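Engineer: Data: model-v1.cif, mmCIF, C-alpha atoms.
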```cif
data_upload
#
loop_
_atom_site.label_atom_id
_atom_site.label_comp_id
_atom_site.auth_asym_id
_atom_site.auth_seq_id
_atom_site.Cartn_x
_atom_site.Cartn_y
_atom_site.Cartn_z
CA MET B 710 99.48 76.40 98.37
CA LEU B 711 101.63 78.93 96.59
CA THR B 712 100.61 82.56 96.10
CA ASP B 713 101.55 85.07 93.43
CA LYS B 714 103.07 87.32 96.08
CA ALA B 715 105.23 84.55 97.54
CA ILE B 716 106.43 83.52 94.07
CA ARG B 717 107.44 87.06 93.18
CA ALA B 718 109.46 87.24 96.40
CA LEU B 719 111.51 84.12 95.60
CA LYS B 720 115.23 84.70 95.14
CA ASP B 721 116.94 83.02 92.20
CA PRO B 722 118.33 79.65 93.38
CA GLU B 723 121.84 78.28 92.85
CA LYS B 724 120.26 75.25 91.19
CA ASP B 725 116.81 74.59 89.73
CA ARG B 726 114.13 74.32 92.43
CA TRP B 727 110.68 72.70 92.36
CA HIS B 728 108.00 74.32 94.52
CA ARG B 729 104.97 72.12 95.16
CA ASP B 730 101.52 73.66 95.00
CA GLY B 731 99.46 70.48 95.32
CA LYS B 732 97.67 67.87 93.21
CA GLY B 733 100.72 67.37 91.02
CA LEU B 734 101.19 71.06 90.20
CA TYR B 735 104.69 72.50 90.65
CA LEU B 736 106.46 75.74 89.97
CA ARG B 737 109.87 75.19 88.41
CA HIS B 738 112.30 77.96 89.34
CA ARG B 739 115.46 78.04 87.24
CA THR B 740 118.81 79.55 88.17
CA THR B 741 118.30 82.09 85.38
CA GLY B 742 115.25 83.42 87.18
CA GLY B 743 112.68 81.89 84.87
CA LYS B 744 109.58 80.41 86.51
CA SER B 745 107.16 78.01 84.85
CA TRP B 746 104.25 75.83 85.86
CA VAL B 747 104.66 72.09 85.40
CA LEU B 748 102.13 69.34 85.95
CA ARG B 749 104.17 66.32 87.06
CA ARG B 750 102.55 62.99 86.22
CA LYS B 751 103.62 59.37 85.98
CA LYS B 752 105.19 58.33 82.67
CA ASP B 753 102.29 55.99 81.87
CA ARG B 754 100.03 59.04 82.03
CA GLY B 755 102.08 61.12 79.65
CA GLY B 756 104.85 62.46 81.90
CA ASN B 757 105.39 66.10 82.83
CA ILE B 758 103.38 68.84 81.11
CA THR B 759 104.54 72.46 81.02
CA LEU B 760 101.47 74.66 81.45
CA GLY B 761 102.97 78.12 81.04
CA ALA B 762 105.31 80.72 82.46
CA PHE B 763 104.84 82.83 85.55
CA PRO B 764 103.72 85.63 85.88
CA ASP B 765 101.77 85.38 82.62
CA LEU B 766 100.04 82.39 84.19
CA GLY B 767 99.18 83.15 87.81
CA CYS B 768 98.49 80.64 90.56
CA ALA B 769 94.72 80.50 90.14
CA ALA B 770 94.89 80.16 86.35
CA ALA B 771 97.60 77.49 86.65
CA ARG B 772 95.39 75.43 88.96
CA VAL B 773 92.49 75.68 86.55
CA LYS B 774 94.66 74.56 83.65
CA ALA B 775 96.13 71.70 85.69
CA ALA B 776 92.63 70.57 86.66
CA GLU B 777 91.65 70.34 83.00
CA PHE B 778 94.60 68.06 82.27
CA THR B 779 94.02 65.79 85.27
CA GLY B 780 90.40 65.21 84.31
CA LYS B 781 88.84 67.24 87.09
CA ARG B 782 86.35 69.47 85.37
CA VAL B 783 86.58 73.09 86.46
CA THR B 784 82.80 73.21 86.54
CA LYS B 785 82.92 70.86 89.54
CA VAL B 786 84.53 73.56 91.65
CA THR B 787 82.23 74.80 94.42
CA LEU B 788 81.63 78.38 95.47
CA GLY B 789 83.43 77.65 98.74
CA GLU B 790 86.52 76.38 96.90
CA LEU B 791 86.45 79.41 94.63
CA LEU B 792 86.23 81.77 97.62
CA GLU B 793 89.26 80.14 99.24
CA ASP B 794 91.29 80.49 96.02
CA TRP B 795 90.22 84.11 95.65
CA TYR B 796 91.03 84.89 99.29
CA THR B 797 94.52 83.37 98.95
CA GLU B 798 95.31 84.93 95.58
CA VAL B 799 93.80 88.38 95.95
CA ILE B 800 92.67 89.33 99.44
CA THR B 801 95.69 88.29 101.50
CA GLU B 802 97.95 90.15 99.08
CA GLY B 803 96.07 93.34 98.32
CA TYR B 804 93.84 94.15 101.32
CA ARG B 805 95.01 95.99 104.44
CA ARG B 806 92.42 94.17 106.58
CA PRO B 807 91.87 90.73 105.03
CA HIS B 808 90.26 89.44 108.24
CA HIS B 809 87.17 91.53 107.45
CA VAL B 810 86.62 89.54 104.25
CA ARG B 811 87.55 86.31 106.03
CA GLY B 812 84.68 86.81 108.45
CA TYR B 813 82.10 87.11 105.66
CA ILE B 814 83.43 83.95 103.96
CA ASP B 815 83.34 81.97 107.20
CA ARG B 816 79.77 83.07 108.01
CA LEU B 817 78.40 82.36 104.55
CA ASP B 818 75.61 79.78 104.36
CA SER B 819 77.25 76.34 104.13
CA SER B 820 74.76 75.01 101.56
CA LEU B 821 75.57 77.93 99.25
CA LYS B 822 79.31 77.34 99.66
CA SER B 823 78.87 73.69 98.69
CA THR B 824 77.04 74.67 95.48
CA LYS B 825 79.03 74.03 92.30
CA LEU B 826 79.77 77.17 90.32
CA ARG B 827 77.99 75.73 87.29
CA ASP B 828 74.81 75.36 89.39
CA LEU B 829 74.96 78.71 91.15
CA GLU B 830 71.76 80.71 90.62
CA ARG B 831 71.09 84.38 91.16
CA LEU B 832 67.80 83.67 92.95
CA GLU B 833 69.43 81.44 95.57
CA VAL B 834 72.21 83.96 96.23
CA ARG B 835 69.57 86.64 96.73
CA ARG B 836 67.66 84.45 99.20
CA VAL B 837 70.79 83.75 101.22
CA ALA B 838 71.76 87.43 101.23
CA ARG B 839 68.26 88.46 102.37
CA ARG B 840 68.39 85.99 105.25
CA TYR B 841 71.80 87.43 106.10
CA ALA B 842 70.23 90.90 106.18
CA GLU B 843 67.62 89.72 108.70
CA ASP B 844 70.35 88.29 110.93
CA LYS B 845 73.23 90.75 110.54
CA GLY B 846 71.55 93.86 109.14
CA PRO B 847 71.22 95.48 105.69
CA VAL B 848 74.73 96.96 105.60
CA ALA B 849 76.35 93.59 106.25
CA ALA B 850 74.17 91.93 103.61
CA ARG B 851 75.12 94.50 100.97
CA ARG B 852 78.79 94.00 101.81
CA LEU B 853 78.39 90.25 101.53
CA LEU B 854 76.87 90.65 98.07
CA SER B 855 79.73 92.93 97.04
CA ILE B 856 82.27 90.33 98.20
CA LEU B 857 80.53 87.55 96.25
CA LYS B 858 80.36 89.68 93.10
CA THR B 859 84.06 90.49 93.30
CA ALA B 860 84.99 86.86 93.89
CA LEU B 861 82.93 85.68 90.93
CA ARG B 862 84.49 88.29 88.66
CA PHE B 863 87.81 86.79 89.67
CA ALA B 864 86.38 83.37 88.75
CA VAL B 865 85.59 84.67 85.26
CA ASP B 866 89.05 86.22 84.84
CA ALA B 867 90.78 83.05 86.09
CA GLY B 868 88.77 80.74 83.86
CA TYR B 869 86.57 78.96 86.38
CA ILE B 870 83.40 80.17 84.68
CA ASP B 871 82.54 82.20 81.59
CA VAL B 872 79.91 84.50 83.11
CA SER B 873 79.11 85.52 86.68
CA PRO B 874 75.49 84.60 87.51
CA ILE B 875 75.09 87.49 89.97
CA ASP B 876 76.62 90.45 88.14
CA ARG B 877 73.11 91.81 87.50
CA LEU B 878 71.91 91.23 91.06
CA ASN B 879 71.25 94.73 92.40
CA ALA B 880 72.07 95.36 96.05
CA ASP B 881 68.68 97.05 96.53
CA LEU B 882 67.06 93.65 95.87
CA VAL B 883 68.98 92.26 98.83
CA ALA B 884 68.63 95.04 101.40
CA PRO B 885 67.71 98.74 101.41
CA ALA B 886 70.54 101.23 101.38
CA GLU B 887 71.32 102.66 104.79
CA ALA B 888 70.36 106.27 105.20
CA THR B 889 73.15 108.69 106.06
CA ARG B 890 73.45 108.65 109.83
CA GLU B 891 73.14 111.86 111.81
CA ARG B 892 73.28 110.36 115.30
CA VAL B 893 75.04 112.55 117.87
CA LEU B 894 74.97 111.69 121.57
CA ASN B 895 73.37 114.15 123.96
CA ASP B 896 74.76 114.96 127.40
CA ALA B 897 72.62 112.40 129.23
CA GLU B 898 73.69 109.61 126.86
CA ILE B 899 77.34 110.55 127.28
CA ARG B 900 76.99 110.39 131.07
CA ALA B 901 75.24 107.01 130.90
CA LEU B 902 77.92 105.54 128.65
CA TRP B 903 80.72 106.89 130.80
CA VAL B 904 79.55 105.03 133.92
CA ALA B 905 78.67 101.78 132.10
CA GLU B 906 80.65 98.78 133.27
CA SER B 907 82.11 96.49 130.62
CA GLN B 908 85.42 95.36 129.17
CA HIS B 909 84.59 97.63 126.22
CA THR B 910 83.91 100.92 128.02
CA ALA B 911 87.56 102.04 128.15
CA LEU B 912 87.71 101.73 124.36
CA LEU B 913 84.40 103.56 123.88
CA ARG B 914 85.44 106.42 126.18
CA PHE B 915 88.73 106.71 124.29
CA LEU B 916 86.86 106.83 120.98
CA LEU B 917 84.65 109.63 122.27
CA LEU B 918 87.66 111.62 123.50
CA THR B 919 89.79 111.21 120.38
CA GLY B 920 87.22 110.96 117.57
CA GLN B 921 89.08 108.16 115.81
CA ARG B 922 87.73 105.09 114.01
CA ILE B 923 87.17 101.96 116.06
CA GLY B 924 89.01 99.69 113.60
CA GLU B 925 92.13 101.86 113.72
CA THR B 926 91.96 102.25 117.49
CA GLN B 927 91.70 98.52 118.13
CA LEU B 928 94.98 98.02 116.26
CA ALA B 929 96.83 100.49 118.49
CA THR B 930 99.83 99.12 120.41
CA TRP B 931 101.86 100.59 123.24
CA ASP B 932 104.68 101.24 120.79
CA ASP B 933 102.37 103.71 119.03
CA ILE B 934 102.12 105.91 122.14
CA ALA B 935 104.82 108.49 122.75
CA GLY B 936 104.08 110.98 125.50
CA GLU B 937 101.06 113.05 124.51
CA ARG B 938 100.83 111.67 120.99
CA TRP B 939 99.39 108.52 119.43
CA SER B 940 100.70 107.61 115.98
CA ILE B 941 98.64 105.57 113.51
CA SER B 942 100.55 103.97 110.66
CA ALA B 943 99.40 104.29 107.06
CA ALA B 944 98.80 100.52 106.98
CA HIS B 945 96.07 100.91 109.61
CA THR B 946 94.21 103.99 108.34
CA LYS B 947 91.21 103.94 106.04
CA ASN B 948 92.74 106.37 103.53
CA GLY B 949 96.24 104.87 103.67
CA ARG B 950 97.78 108.03 105.15
CA ALA B 951 99.75 108.04 108.40
CA HIS B 952 98.08 110.04 111.17
CA TRP B 953 98.79 111.29 114.67
CA VAL B 954 96.40 112.13 117.48
CA ALA B 955 96.98 114.60 120.29
CA LEU B 956 96.17 112.96 123.62
CA SER B 957 94.51 115.05 126.30
CA SER B 958 95.23 114.39 129.95
CA GLN B 959 91.89 112.56 130.16
CA ALA B 960 92.81 110.30 127.22
CA ARG B 961 96.18 109.60 128.83
CA ALA B 962 94.41 108.71 132.07
CA ILE B 963 92.40 106.03 130.25
CA LEU B 964 95.61 104.56 128.80
CA ASP B 965 97.33 104.66 132.20
CA SER B 966 94.49 102.61 133.68
CA LEU B 967 95.09 99.73 131.25
CA SER B 968 97.48 96.82 131.50
CA ARG B 969 100.70 97.04 129.49
CA GLU B 970 101.13 93.26 129.47
CA ARG B 971 99.17 92.86 126.24
CA ARG B 972 100.46 94.17 122.92
CA LEU B 973 97.14 95.61 121.71
CA ILE B 974 96.16 98.41 124.06
CA PHE B 975 92.44 97.60 124.06
CA GLY B 976 92.74 93.82 123.75
CA SER B 977 91.68 91.52 120.96
CA ALA B 978 87.90 91.98 121.00
CA THR B 979 86.46 92.17 117.49
CA THR B 980 84.78 95.29 116.14
CA THR B 981 81.51 93.39 115.74
CA GLY B 982 81.77 92.17 119.34
CA VAL B 983 81.96 95.75 120.62
CA GLN B 984 79.07 96.81 118.37
CA ALA B 985 76.93 93.91 119.58
CA TRP B 986 77.55 94.78 123.23
CA LEU B 987 76.75 98.45 122.60
CA ARG B 988 73.50 97.54 120.83
CA ARG B 989 72.41 95.33 123.75
CA TRP B 990 73.42 98.00 126.26
CA CYS B 991 71.33 100.64 124.48
CA GLU B 992 68.34 98.29 124.59
CA ARG B 993 68.78 97.71 128.33
CA GLU B 994 69.13 101.44 129.00
CA GLY B 995 66.17 102.33 126.80
CA ILE B 996 68.29 104.51 124.52
CA GLU B 997 66.56 105.01 121.16
CA PRO B 998 67.71 105.07 118.51
CA ALA B 999 70.68 102.98 119.54
CA PHE B 1000 74.04 104.47 118.67
CA ARG B 1001 77.14 102.80 117.27
CA PRO B 1002 80.88 103.25 117.88
CA HIS B 1003 81.15 105.42 114.75
CA ASP B 1004 78.55 107.79 116.22
CA LEU B 1005 81.07 108.60 118.96
CA ARG B 1006 83.38 109.91 116.22
CA ARG B 1007 80.54 112.05 114.84
CA THR B 1008 79.76 113.31 118.34
CA CYS B 1009 83.38 114.34 118.88
CA ALA B 1010 83.49 116.16 115.54
CA THR B 1011 80.17 117.93 116.16
CA ARG B 1012 81.14 119.04 119.66
CA LEU B 1013 84.52 120.34 118.42
CA ASN B 1014 82.75 122.52 115.85
CA GLU B 1015 80.32 123.75 118.53
CA LEU B 1016 83.32 124.72 120.67
CA GLY B 1017 84.54 126.99 117.89
CA VAL B 1018 87.29 124.76 116.48
CA LEU B 1019 87.75 125.65 112.82
CA PRO B 1020 86.38 123.05 110.37
CA HIS B 1021 89.72 122.39 108.63
CA VAL B 1022 91.31 121.65 112.02
CA VAL B 1023 88.51 119.21 112.82
CA GLU B 1024 89.07 117.52 109.46
CA LYS B 1025 92.77 117.14 110.30
CA ILE B 1026 91.91 115.60 113.66
CA LEU B 1027 89.63 113.08 111.92
CA ASN B 1028 92.28 112.35 109.24
CA HIS B 1029 89.82 113.22 106.49
CA THR B 1030 91.17 113.98 103.03
CA MET B 1031 90.99 117.68 102.28
CA GLN B 1032 88.79 118.74 99.39
CA GLY B 1033 89.38 121.03 96.42
CA VAL B 1034 92.34 123.41 96.36
CA MET B 1035 93.21 122.62 100.00
CA ALA B 1036 93.85 119.00 99.05
CA VAL B 1037 96.53 120.16 96.59
CA TYR B 1038 98.22 123.07 98.33
CA ASN B 1039 97.51 122.91 102.06
CA ARG B 1040 100.05 120.66 103.75
CA ALA B 1041 99.84 122.32 107.17
CA GLU B 1042 99.60 120.00 110.17
CA TYR B 1043 97.98 122.57 112.52
CA GLU B 1044 99.77 120.89 115.39
CA ALA B 1045 99.16 123.54 118.05
CA GLU B 1046 95.52 123.93 117.00
CA ARG B 1047 94.89 120.16 117.16
CA VAL B 1048 96.43 119.89 120.62
CA GLU B 1049 94.33 122.81 121.85
CA ALA B 1050 91.16 121.39 120.26
CA MET B 1051 91.60 118.06 122.04
CA ARG B 1052 92.12 119.89 125.34
CA LYS B 1053 88.95 121.96 124.80
CA TRP B 1054 86.86 118.88 124.05
CA ALA B 1055 88.24 116.96 127.04
CA ASP B 1056 87.43 119.91 129.32
CA GLU B 1057 83.94 120.15 127.86
CA LEU B 1058 83.46 116.43 128.40
CA ALA B 1059 84.55 116.85 132.00
CA ARG B 1060 81.93 119.57 132.42
CA ILE B 1061 79.24 117.29 130.93
CA LEU B 1062 80.22 114.51 133.31
CA GLY B 1063 80.15 116.84 136.26
#
```
If you took the structure in this file and wrote it as structure tokens, what would it be?
Structural biologist:
Amino acid sequence: MLTDKAIRALKDPEKDRWHRDGKGLYLRHRTTGGKSWVLRRKKDRGGNITLGAFPDLGCAAARVKAAEFTGKRVTKVTLGELLEDWYTEVITEGYRRPHHVRGYIDRLDSSLKSTKLRDLERLEVRRVARRYAEDKGPVAARRLLSILKTALRFAVDAGYIDVSPIDRLNADLVAPAEATRERVLNDAEIRALWVAESQHTALLRFLLLTGQRIGETQLATWDDIAGERWSISAAHTKNGRAHWVALSSQARAILDSLSRERRLIFGSATTTGVQAWLRRWCEREGIEPAFRPHDLRRTCATRLNELGVLPHVVEKILNHTMQGVMAVYNRAEYEAERVEAMRKWADELARILG
């Protein structure tokens, strides 16, 4: 199937080209650069029908229009089919981490995905989302609802349906909002985690030492490491800004202990896989409340402040966006201060570990 992004990237051909999308729908690309949607049919069925020009008529809208001409009622489209169209048209083009959305689509209740859009009911979506909350937790359920709402707004814009049946479904009716977490590991918990044996412990130790996000760290490659510095590209950061991390000798030691045969430094384990292991480990160790990978980032930040590192330096280490006047005028990198802060924290961690 064609995508809007792929169509925009097409170079003007030396002669007219026909690009097949499926089910008789083609994009005609002329030498002049013009692009138009054409429904190609047999002569006894009326011949070719020009549906409209691209980009005024995008891929999703062209498919809807073609379906109307071929006799397939748009109202017969299922939620699952709509989600696939939305993922292809919107998510793969505009999201830095489309696999996050892909996971929610794949895990969605199969009976709900097979429901026709015309039959989709708010009550049933709420029931499915509440069951999802029981299985995956309230945060995941609220994210699932947000994904479904966004996809159905796309369905309205593209002409699949006139009104989204779940626009008024409040997230609080699906799962309670998560309270702001304040979890910081104490010395005993740090020692217990450090000696734990698992394929994930090298990653978790590295997160504690550097204070970075797990999603960004799992995308790190050996090409990103240069001496005592780890560079994170803008494409991988939450705020879309490139970042660098000073590596202490202890952080370098963790990297040196890992195999360089794989491209991703910490392997291909999913974020949810690491979180699930950590949750089970906390249960086995009797650690309550259980902590999460992101709590290691909070622990690092808290300990840095306790060591006397200035708050704006800590914010730079975490790659947080500065607030107020500093966001406009302060472009300092605080390189020496960040390197020294990472050394202080690594030394303090060594003291904790004995």
Engineer: How many Å separate atom CA of Arg737 of chain B from atom CA of Phe863 of chain B?
Structural biologist: 25.0 Å
Engineer: Once the PyMOL selection byres ((chain B and resi 891) around 9) has been evaluated on this model, what residues remain selected, and can you format them as a PyMOL selection string?
Structural biologist: chain B and resi 889-890+892-893+1004+1007
Engineer: How would you write as a PDB file with C-alpha atoms, keeping the file's coordinate frame the residues that get within 10 Å of (72.3, 81.2, 100.0) in the file's frame, counting all atoms listed in the file?
Structural biologist:
```
ATOM      1  CA  LEU B 817      78.400  82.360 104.550  1.00  0.00           C
ATOM      2  CA  ASP B 818      75.610  79.780 104.360  1.00  0.00           C
ATOM      3  CA  SER B 819      77.250  76.340 104.130  1.00  0.00           C
ATOM      4  CA  SER B 820      74.760  75.010 101.560  1.00  0.00           C
ATOM      5  CA  LEU B 821      75.570  77.930  99.250  1.00  0.00           C
ATOM      6  CA  LYS B 822      79.310  77.340  99.660  1.00  0.00           C
ATOM      7  CA  THR B 824      77.040  74.670  95.480  1.00  0.00           C
ATOM      8  CA  LEU B 829      74.960  78.710  91.150  1.00  0.00           C
ATOM      9  CA  GLU B 830      71.760  80.710  90.620  1.00  0.00           C
ATOM     10  CA  ARG B 831      71.090  84.380  91.160  1.00  0.00           C
ATOM     11  CA  LEU B 832      67.800  83.670  92.950  1.00  0.00           C
ATOM     12  CA  GLU B 833      69.430  81.440  95.570  1.00  0.00           C
ATOM     13  CA  VAL B 834      72.210  83.960  96.230  1.00  0.00           C
ATOM     14  CA  ARG B 835      69.570  86.640  96.730  1.00  0.00           C
ATOM     15  CA  ARG B 836      67.660  84.450  99.200  1.00  0.00           C
ATOM     16  CA  VAL B 837      70.790  83.750 101.220  1.00  0.00           C
ATOM     17  CA  ALA B 838      71.760  87.430 101.230  1.00  0.00           C
ATOM     18  CA  ARG B 839      68.260  88.460 102.370  1.00  0.00           C
ATOM     19  CA  ARG B 840      68.390  85.990 105.250  1.00  0.00           C
ATOM     20  CA  TYR B 841      71.800  87.430 106.100  1.00  0.00           C
TER      21      TYR B 841
END
```
Engineer: One number please: atom CA of Val983 of chain B to atom CA of Leu913 of chain B, in Å, one decimal.
Structural biologist: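 Distance reported for this atom pair: 8.8 Å.
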Engineer: Under the rule that all atoms listed in the file are counted, which of B:Pro807, B:Gly789, B:Pro885, B:Pro847 is the nearest residue to Lys825 of chain B?
Structural biologist: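 Nearest candidate to Lys825 of chain B out of B:Pro807, B:Gly789, B:Pro885, B:Pro847: B:Gly789.
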Engineer: What separation in Å, quoted to one decimal, exists between atom CA of Lys858 of chain B and atom CA of Ala769 of chain B?
Structural biologist: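 For atom CA of Lys858 of chain B relative to atom CA of Ala769 of chain B, the distance reads 17.3 Å.
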Engineer: I need the residue nearest Leu791 of chain B from this list: B:His809, B:Arg729, B:Arg862, B:Lys724. Use only C-alpha atoms for the distance.
Structural biologist: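 Selected residue with least distance to Leu791 of chain B: B:Arg862.
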Engineer: Mind checking which residues fall within 12 Å of Ser855 of chain B, counting only C-alpha atoms, ignoring those fewer than 2 positions away in the same chain, and posting them as a compact mmCIF listing (two decimals) with C-alpha atoms, in the coordinates of the input?
Structural biologist:
```txt
# COMPACT_ATOMS: atom_id res chain seq x y z
CA VAL B 810 86.62 89.54 104.25
CA TYR B 813 82.10 87.11 105.66
CA ILE B 814 83.43 83.95 103.96
CA VAL B 834 72.21 83.96 96.23
CA ARG B 835 69.57 86.64 96.73
CA ALA B 838 71.76 87.43 101.23
CA VAL B 848 74.73 96.96 105.60
CA ALA B 849 76.35 93.59 106.25
CA ALA B 850 74.17 91.93 103.61
CA ARG B 851 75.12 94.50 100.97
CA ARG B 852 78.79 94.00 101.81
CA LEU B 853 78.39 90.25 101.53
CA LEU B 857 80.53 87.55 96.25
CA LYS B 858 80.36 89.68 93.10
CA THR B 859 84.06 90.49 93.30
CA ALA B 860 84.99 86.86 93.89
CA LEU B 861 82.93 85.68 90.93
CA ARG B 862 84.49 88.29 88.66
CA ILE B 875 75.09 87.49 89.97
CA ASP B 876 76.62 90.45 88.14
CA ARG B 877 73.11 91.81 87.50
CA LEU B 878 71.91 91.23 91.06
CA ASN B 879 71.25 94.73 92.40
CA ALA B 880 72.07 95.36 96.05
CA ASP B 881 68.68 97.05 96.53
CA VAL B 883 68.98 92.26 98.83
```
Engineer: Nearest to Leu734 of chain B: which of B:Thr712, B:Thr787, B:Thr759, B:Asn1014 is it, counting only C-alpha atoms?
Structural biologist: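 Using only C-alpha atoms, Leu734 of chain B sits closest to B:Thr759.
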Engineer: From (96.4, 83.6, 90.3), in the file's coordinates, out to 7 Å: which residues are reached, counting all atoms listed in the file? Answer as a list in words.
Structural biologist: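 Applying the cut-off with all atoms listed in the file, one gets Asp713, Gly767, Cys768, Ala769, Ala770 and Glu798 of chain B.
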Engineer: With all atoms listed in the file as the atoms that count, which of B:Ile1026, B:Leu1062, B:Val954, B:Ala842 lies nearest to Leu1013 of chain B?
Structural biologist: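 Once distances to Leu1013 of chain B are computed over all atoms listed in the file, the minimum belongs to B:Ile1026.
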Engineer: Can you translate the PyMOL selection byres ((chain B and resi 995-1000) around 10) into the concrete residues it hits in this file, as a list in words?
Structural biologist: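 Checking the PyMOL selection byres ((chain B and resi 995-1000) around 10) against this file, the residues are Arg890, Arg892, Val893, Leu894, Glu898, Ala901, Gln984, Leu987, Arg988, Arg989, Trp990, Cys991, Glu992, Arg993, Glu994, Arg1001, Pro1002, His1003, Asp1004 and Leu1005 of chain B.
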Engineer: Go through segment 939-985 of chain B and flag each residue having an atom no more than 12 Å from segment 1052-1056 of chain B; for those, report the closest pair of atoms plus their distance in Å to one decimal, using all atoms listed in the file, ordered by chain and rising number, as a Markdown table.
Structural biologist:
```
| residue | atom | partner | partner_atom | distance |
| --- | --- | --- | --- | --- |
| B:Val954 | CA | B:Arg1052 | CA | 11.8 |
| B:Ala955 | CA | B:Arg1052 | CA | 8.8 |
| B:Leu956 | CA | B:Arg1052 | CA | 8.2 |
| B:Ser957 | CA | B:Arg1052 | CA | 5.5 |
| B:Ser958 | CA | B:Arg1052 | CA | 7.8 |
| B:Gln959 | CA | B:Ala1055 | CA | 6.5 |
| B:Ala960 | CA | B:Ala1055 | CA | 8.1 |
| B:Arg961 | CA | B:Ala1055 | CA | 11.0 |
| B:Ala962 | CA | B:Ala1055 | CA | 11.5 |
```
Engineer: Given the file shown, enumerate the residues that the PyMOL selection byres ((chain B and resi 1018) around 10) captures and present them as a PyMOL selection string.
Structural biologist: chain B and resi 1010-1017+1019-1023+1046-1047+1049-1051+1053-1054
Engineer: I'd like the contact shell of Gly924 of chain B - 12 Å cut-off, all atoms listed in the file, skipping same-chain residues fewer than 5 positions apart - returned as a tab-separated table (two decimals) with C-alpha atoms, in the coordinates of the input.
Structural biologist:
```
chain	number	residue	atom	x	y	z
B	805	ARG	CA	95.01	95.99	104.44
B	806	ARG	CA	92.42	94.17	106.58
B	808	HIS	CA	90.26	89.44	108.24
B	809	HIS	CA	87.17	91.53	107.45
B	912	LEU	CA	87.71	101.73	124.36
B	913	LEU	CA	84.40	103.56	123.88
B	916	LEU	CA	86.86	106.83	120.98
B	929	ALA	CA	96.83	100.49	118.49
B	941	ILE	CA	98.64	105.57	113.51
B	944	ALA	CA	98.80	100.52	106.98
B	945	HIS	CA	96.07	100.91	109.61
B	946	THR	CA	94.21	103.99	108.34
B	947	LYS	CA	91.21	103.94	106.04
B	975	PHE	CA	92.44	97.60	124.06
B	977	SER	CA	91.68	91.52	120.96
B	978	ALA	CA	87.90	91.98	121.00
B	979	THR	CA	86.46	92.17	117.49
B	980	THR	CA	84.78	95.29	116.14
B	981	THR	CA	81.51	93.39	115.74
B	982	GLY	CA	81.77	92.17	119.34
B	983	VAL	CA	81.96	95.75	120.62
B	984	GLN	CA	79.07	96.81	118.37
B	1002	PRO	CA	80.88	103.25	117.88
B	1003	HIS	CA	81.15	105.42	114.75
B	1006	ARG	CA	83.38	109.91	116.22
```
Engineer: Given the choices B:Ala935, B:Ala911, B:Leu918, B:Ala864, which gets closest to Leu964 of chain B if the distance is worked out from only C-alpha atoms?
Structural biologist: B:Ala911
Engineer: Got a sec: who's within 7 Å of Leu1027 of chain B, counting all atoms listed in the file, leaving out chain neighbours fewer than 3 positions off, as a PyMOL selection string?
Structural biologist: chain B and resi 920-921+1023-1024
Engineer: Taking all atoms of segment 792-801 of chain B that the file lists and extending 4 Å past them on each side, where is the centre of the axis-aligned box and how long are its edges? Answer in Å to one decimal, as JSON.
Structural biologist:
```
{"center_x": 91.0, "center_y": 84.7, "center_z": 98.5, "size_x": 17.5, "size_y": 17.2, "size_z": 13.9}
```
